[in-house]
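Okay, so here's the structure we're looking at.
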Amino acid sequence: MAGIRQKHPAEMGKDEGGTDNLGRPFKKPRISDDQEMSDASTEEVGTTPGQEPRASDLYLDTINRAILDFDFEKLCSVSLSNINTYGCLVCGKYFQGRGKSSHAYAHSIHDDHHVFINLESTKVYVLPDGYLVSDPSLEDISFVLAPTFTRNSIDNLASPTYLTKPSYDLASKAYLPGYIGLNNIKRNDHMNVIIHSLLHIPPLRDYLLLSNFRGKESELLKRFAGLAKKLWNPRLFKSQVSPHEFLQEVNRASSGKFRLEQQGDPVEFLGWLLNRLHKDMGGTKRRNSSTIFASFQGELRVENQQILIRPDAGENDKPLFDIDRDIKATVSPFLFLAVDLPPPPLFQDAVEKNIIPQVSIHSVLAKYDGKTTQESAGHLRRFKCQYLPQYIILHFKRFTKNAFVEEKNPTIVNFPLRGLDFKDYLDSNGKNSTTIYDLIANVTHESVAGTTRDKENTVWKVHLRAAGGEDERWFLIQDLIVEEIRKEMIFLGETVLQIWERRKS
């Protein structure tokens with residue numbers, strides 16, 4: 001092999017002819033397994049013009065980019081260990097170690113696969129020789145494994161020309177970074193829609209794309225950042241991403257509450273994920289103590305008064321707040337607002353039997369106007385916002401449980417895509433400069449017809465806004481299916497969750 005390597009410290013003071021200063025042949029220093037496993041003791045093959053073909057060059061043409069997939073957990077396929085794991089660039093399998101007794105070393109000999117990448121450092125080695133390869137042609141593989149972003153590249157995501165410059169995968173299929181399918185491994189579509197929704201919130205997205213977690217950050221935060229970078233990667237080999245690695249950590253962090261093989265509630269998952277990410281980012285109870293709180297936390301005033309039945313009250317009279325009695329008022333933080341849907345009619349005539357009830361978003365938001373009252377456990381309550389966050393999450397309570405089944409409310413909510421004004425739901429002395437919001441994400445639920453919830457046949461979809469202003473486009477994403485959708489079709493689904501973005505003043 002005609003290669004260039006650095007001298008071993010034990011060779012200092014020896015001539016180039018293979019003998020020491022006394023003319024005696026010297027022994028090649030023995031390399032221990034620890035040295036063999038260390039990147040510092042490997043030989044690096046550089047690129048020198050006019051140099052003869054190197055062994056590394058001969059092996060690089062065996063790399064098969066079409067089968068490389070770095071979305072799954074970085075576990076050795078033999079030992080199931082995640083320590084010092086390498087990926088074979090020929091067959092795509094993961095193996096542990098690089099020393100002579102390692103699984104990667106054995107694989108290189110038995111299967112004649114010689115090019116491996118360290119899944120942590122992204123350095124490429126040739127085995128069984130064990131030297132480091134430095135070749136510009138391998139940079140695309142390193143970028144797929146660990147994408148990196150700069151402030152300029154992130155600013156381009158919001159530029160008007162972003163939608164006109166698609167990326168292309170290895171199969172020359174066009175895709176728009178950020179608007180690609182997430183694999184539904186078993187029954188995790190309810191988590192996929194939340195992942196998509198959160199990773200399109202600019203402050204959270206930018207925080208994750210610019211991150212370089214190498215310290216004591218939680219594994220959940222590291223894997224969520226890694227998933228964000230893959231979702232927005234403009235140089236993917238395949239125009240889809242699997243959330244397997246992140247969801248496996250979700251399963252562990254939630255003690256099995258959210259699992260790949262079990263259908264669940266996206267709102268419940270969202271509440272858990274927001275609070276867990278806030279804690280892992282070092283957040284406290286103070287406002288703006290993390291990117292999560294800075295983006296989603298608002299303040300709500302709740303007025304509470306015990307119900308007393310007056311002797312002169314009629315049978316159909318609704319209880320009202322009595323200003324002569326004490327009204328207990330508390331201000332509490334919130335991450336999303338729950339709104340109630342009116343119950344669907346119990347009986348319908350022959351003409352209206354196929355008509356789905358509809359309601360405007362302002363009528364269900366009236367819950368927070370400070371006047372509408374609600375009865376609960378012998379108390380009367382009314383709500384009004386004290387502070388609105390930059391991004392408002394609305395949860396439409398579509399499912400209710402009784403003693404027998406879990407019922408679904410099929411009511412359709414009519415809403416604008418732009419220009420929803422929240423001023424009627426905010427105190428006049430509120431701290432917001434503007435109360436105009438535009439829709440950024442819309443999660444819908446689909447199942448069999450009827451009023452009974454059928455979890456086994458449930459499909460979750462998400463509508464995502466691309467760009468903004470007059471040039472905005474909307475995409476419908478259901479697992480691996482990504483298609484552009486007309487704006488008029490968005491409100492036809494059974495909306496469960498929405499994220500609204502405050503318009504810049």
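Convention: chains lettered A, B, ... in structure tokens order; per-chain residue numbering from 1; ligands numbered from 1 as shown.
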
Q. Near Phe269 in chain A, within 10 Å and counting only C-alpha atoms, which residues show up once chain neighbours fewer than 6 positions away are dropped, as a VMD selection string?
A. chain A and resid 190 to 191 194 to 195 250 254 257 to 258

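Residues of range 148-334 of chain A that DSSP places in strand (DSSP E or B), based on the backbone of this structure, are Ser167, Tyr168, Ala174, Tyr175, Gly181, Leu182, Gln240, Val241, Gly298, Glu299, Leu300, Arg301, Val302, Glu303, Asn304, Gln305, Gln306, Lys328, Ala329, Thr330, Val331, Ser332, Pro333 and Phe334 of chain A.
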
Range 245-266 of chain A near range 60-81 of chain A within 9 Å: what's each residue's closest atom pair and its distance in Å to one decimal, counting only C-alpha atoms, ordered by chain then ascending residue number, as JSON lines?
{"residue": "A:Glu245", "atom": "CA", "partner": "A:Glu73", "partner_atom": "CA", "distance": 4.8}
{"residue": "A:Phe246", "atom": "CA", "partner": "A:Glu73", "partner_atom": "CA", "distance": 8.4}
{"residue": "A:Gln248", "atom": "CA", "partner": "A:Glu73", "partner_atom": "CA", "distance": 8.0}

Restricted to C-alpha atoms, what would the selected residues look like written as a PDB file, in the first residue's frame?
ATOM      1  CA  GLU A 245     -34.810   6.510  17.539  1.00  0.00           C
ATOM      2  CA  PHE A 246     -36.705   9.406  19.154  1.00  0.00           C
ATOM      3  CA  GLN A 248     -37.831   4.635  21.550  1.00  0.00           C
TER       4      GLN A 248
END

Q: Would you list the contacts of Cys88 in chain A as a list in words, taking every protein, DNA or RNA residue within 8 Å and counting only C-alpha atoms, but skipping same-chain residues closer than 6 positions in sequence?
A: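 The neighbour list is Tyr94, Phe95, Ala104, His113, His114, Val115, Phe116 and Ile117 of chain A.
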
Q: If you run DSSP over the backbone, which residues in range 108-308 of chain A end up alpha helix (DSSP H)? Put them as a PyMOL selection string.
A: chain A and resi 108-110+139-145+151-155+189-198+202-209+219-231+244-253+266-280+291-296

Q | Among listed residues A:Ala338, A:Cys91, A:Ala467, A:Lys371, nearest Asp155 in chain A (using only C-alpha atoms) | A |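 Nearest to Asp155 in chain A: A:Ala467.
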
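The gap separating CA of Leu182 in chain A from CA of Phe475 in chain A is 13.7 Å, in Å to one decimal.
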
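Remark: for Lys504 in chain A, the closest of the candidate residues A:Lys229, A:Ser447, A:Thr435, A:Asp421 is A:Thr435 (distances computed over only C-alpha atoms).
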
Q: Would you mind listing what lies within 12 Å of Asn192 in chain A as a PyMOL selection string, with only C-alpha atoms counted and same-chain residues fewer than 5 positions away left out?
A: chain A and resi 180-187+197-199+227+231+241-244+246-247+260+263-267+269-270+443+459-462+477-480

Q) So which residues touch range 166-177 of chain A within 6 Å, counting only C-alpha atoms, skipping near sequence neighbours fewer than 4 positions away, as a PyMOL selection string? A) chain A and resi 232-234+236-239

Q.
So that I can check the surroundings of Phe383 in chain A, please list as a list in words every protein, DNA and RNA residue that reaches within 10 Å of it, counting only C-alpha atoms and ignoring chain neighbours fewer than 6 positions away.
A. Leu300, Arg301, Val302, Glu303, Asn304, Ala329, Thr330, Val331, Ala366, Lys367, Tyr368, Asp369, Gly370, Lys371, Thr372, Thr373, Gln374, Tyr425 and Leu426 of chain A

Save out the residues we just selected, N, CA and C atoms, as a PDB file, in the first residue's frame.
ATOM      1  N   LEU A 300     -53.859  32.863  32.458  1.00  0.00           N
ATOM      2  CA  LEU A 300     -55.317  32.811  32.436  1.00  0.00           C
ATOM      3  C   LEU A 300     -55.865  33.168  33.808  1.00  0.00           C
ATOM      4  N   ARG A 301     -56.851  34.069  33.842  1.00  0.00           N
ATOM      5  CA  ARG A 301     -57.528  34.415  35.087  1.00  0.00           C
ATOM      6  C   ARG A 301     -58.790  33.577  35.220  1.00  0.00           C
ATOM      7  N   VAL A 302     -58.931  32.909  36.355  1.00  0.00           N
ATOM      8  CA  VAL A 302     -60.098  32.068  36.626  1.00  0.00           C
ATOM      9  C   VAL A 302     -60.841  32.655  37.816  1.00  0.00           C
ATOM     10  N   GLU A 303     -62.110  32.979  37.633  1.00  0.00           N
ATOM     11  CA  GLU A 303     -62.968  33.475  38.708  1.00  0.00           C
ATOM     12  C   GLU A 303     -63.913  32.367  39.126  1.00  0.00           C
ATOM     13  N   ASN A 304     -64.003  32.155  40.432  1.00  0.00           N
ATOM     14  CA  ASN A 304     -64.723  31.001  40.969  1.00  0.00           C
ATOM     15  C   ASN A 304     -65.650  31.461  42.093  1.00  0.00           C
ATOM     16  N   ALA A 329     -60.591  34.869  42.646  1.00  0.00           N
ATOM     17  CA  ALA A 329     -59.908  34.993  41.353  1.00  0.00           C
ATOM     18  C   ALA A 329     -58.467  34.518  41.493  1.00  0.00           C
ATOM     19  N   THR A 330     -58.035  33.676  40.572  1.00  0.00           N
ATOM     20  CA  THR A 330     -56.654  33.195  40.530  1.00  0.00           C
ATOM     21  C   THR A 330     -56.110  33.347  39.118  1.00  0.00           C
ATOM     22  N   VAL A 331     -54.812  33.562  39.019  1.00  0.00           N
ATOM     23  CA  VAL A 331     -54.138  33.657  37.721  1.00  0.00           C
ATOM     24  C   VAL A 331     -53.193  32.478  37.609  1.00  0.00           C
ATOM     25  N   ALA A 366     -65.728  31.681  23.040  1.00  0.00           N
ATOM     26  CA  ALA A 366     -66.446  32.549  23.975  1.00  0.00           C
ATOM     27  C   ALA A 366     -66.281  32.093  25.420  1.00  0.00           C
ATOM     28  N   LYS A 367     -65.830  30.878  25.617  1.00  0.00           N
ATOM     29  CA  LYS A 367     -65.536  30.370  26.961  1.00  0.00           C
ATOM     30  C   LYS A 367     -64.554  31.282  27.687  1.00  0.00           C
ATOM     31  N   TYR A 368     -63.716  31.992  26.923  1.00  0.00           N
ATOM     32  CA  TYR A 368     -62.659  32.814  27.525  1.00  0.00           C
ATOM     33  C   TYR A 368     -62.936  34.307  27.399  1.00  0.00           C
ATOM     34  N   ASP A 369     -64.213  34.680  27.245  1.00  0.00           N
ATOM     35  CA  ASP A 369     -64.525  36.104  27.120  1.00  0.00           C
ATOM     36  C   ASP A 369     -64.740  36.786  28.466  1.00  0.00           C
ATOM     37  N   GLY A 370     -64.655  36.048  29.568  1.00  0.00           N
ATOM     38  CA  GLY A 370     -64.833  36.628  30.892  1.00  0.00           C
ATOM     39  C   GLY A 370     -66.283  36.799  31.303  1.00  0.00           C
ATOM     40  N   LYS A 371     -67.225  36.430  30.428  1.00  0.00           N
ATOM     41  CA  LYS A 371     -68.649  36.568  30.729  1.00  0.00           C
ATOM     42  C   LYS A 371     -69.347  35.213  30.758  1.00  0.00           C
ATOM     43  N   THR A 372     -68.982  34.350  29.831  1.00  0.00           N
ATOM     44  CA  THR A 372     -69.601  33.025  29.760  1.00  0.00           C
ATOM     45  C   THR A 372     -69.226  32.219  30.989  1.00  0.00           C
ATOM     46  N   THR A 373     -70.217  31.611  31.616  1.00  0.00           N
ATOM     47  CA  THR A 373     -69.965  30.866  32.850  1.00  0.00           C
ATOM     48  C   THR A 373     -70.087  29.365  32.606  1.00  0.00           C
ATOM     49  N   GLN A 374     -69.402  28.605  33.462  1.00  0.00           N
ATOM     50  CA  GLN A 374     -69.462  27.153  33.432  1.00  0.00           C
ATOM     51  C   GLN A 374     -69.696  26.634  34.843  1.00  0.00           C
ATOM     52  N   TYR A 425     -60.888  37.935  24.116  1.00  0.00           N
ATOM     53  CA  TYR A 425     -60.571  36.925  25.126  1.00  0.00           C
ATOM     54  C   TYR A 425     -59.361  37.330  25.972  1.00  0.00           C
ATOM     55  N   LEU A 426     -58.980  38.606  25.861  1.00  0.00           N
ATOM     56  CA  LEU A 426     -57.837  39.138  26.598  1.00  0.00           C
ATOM     57  C   LEU A 426     -58.270  40.355  27.382  1.00  0.00           C
TER      58      LEU A 426
END

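Considering the residues A:His200, A:His362, A:Arg418, A:Arg252 and counting only C-alpha atoms, Ala228 in chain A has its shortest atom-to-atom contact with A:His200.
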
Q: Record the distance separating CA of Asn402 in chain A and CA of Asn275 in chain A, expressed in Å with one decimal.
A: 28.4 Å

Q: For Pro128 in chain A, please output as a count of residues only all residues within 10 Å (counting only C-alpha atoms; exclusion window: fewer than 2 positions along the same chain).
A: 17
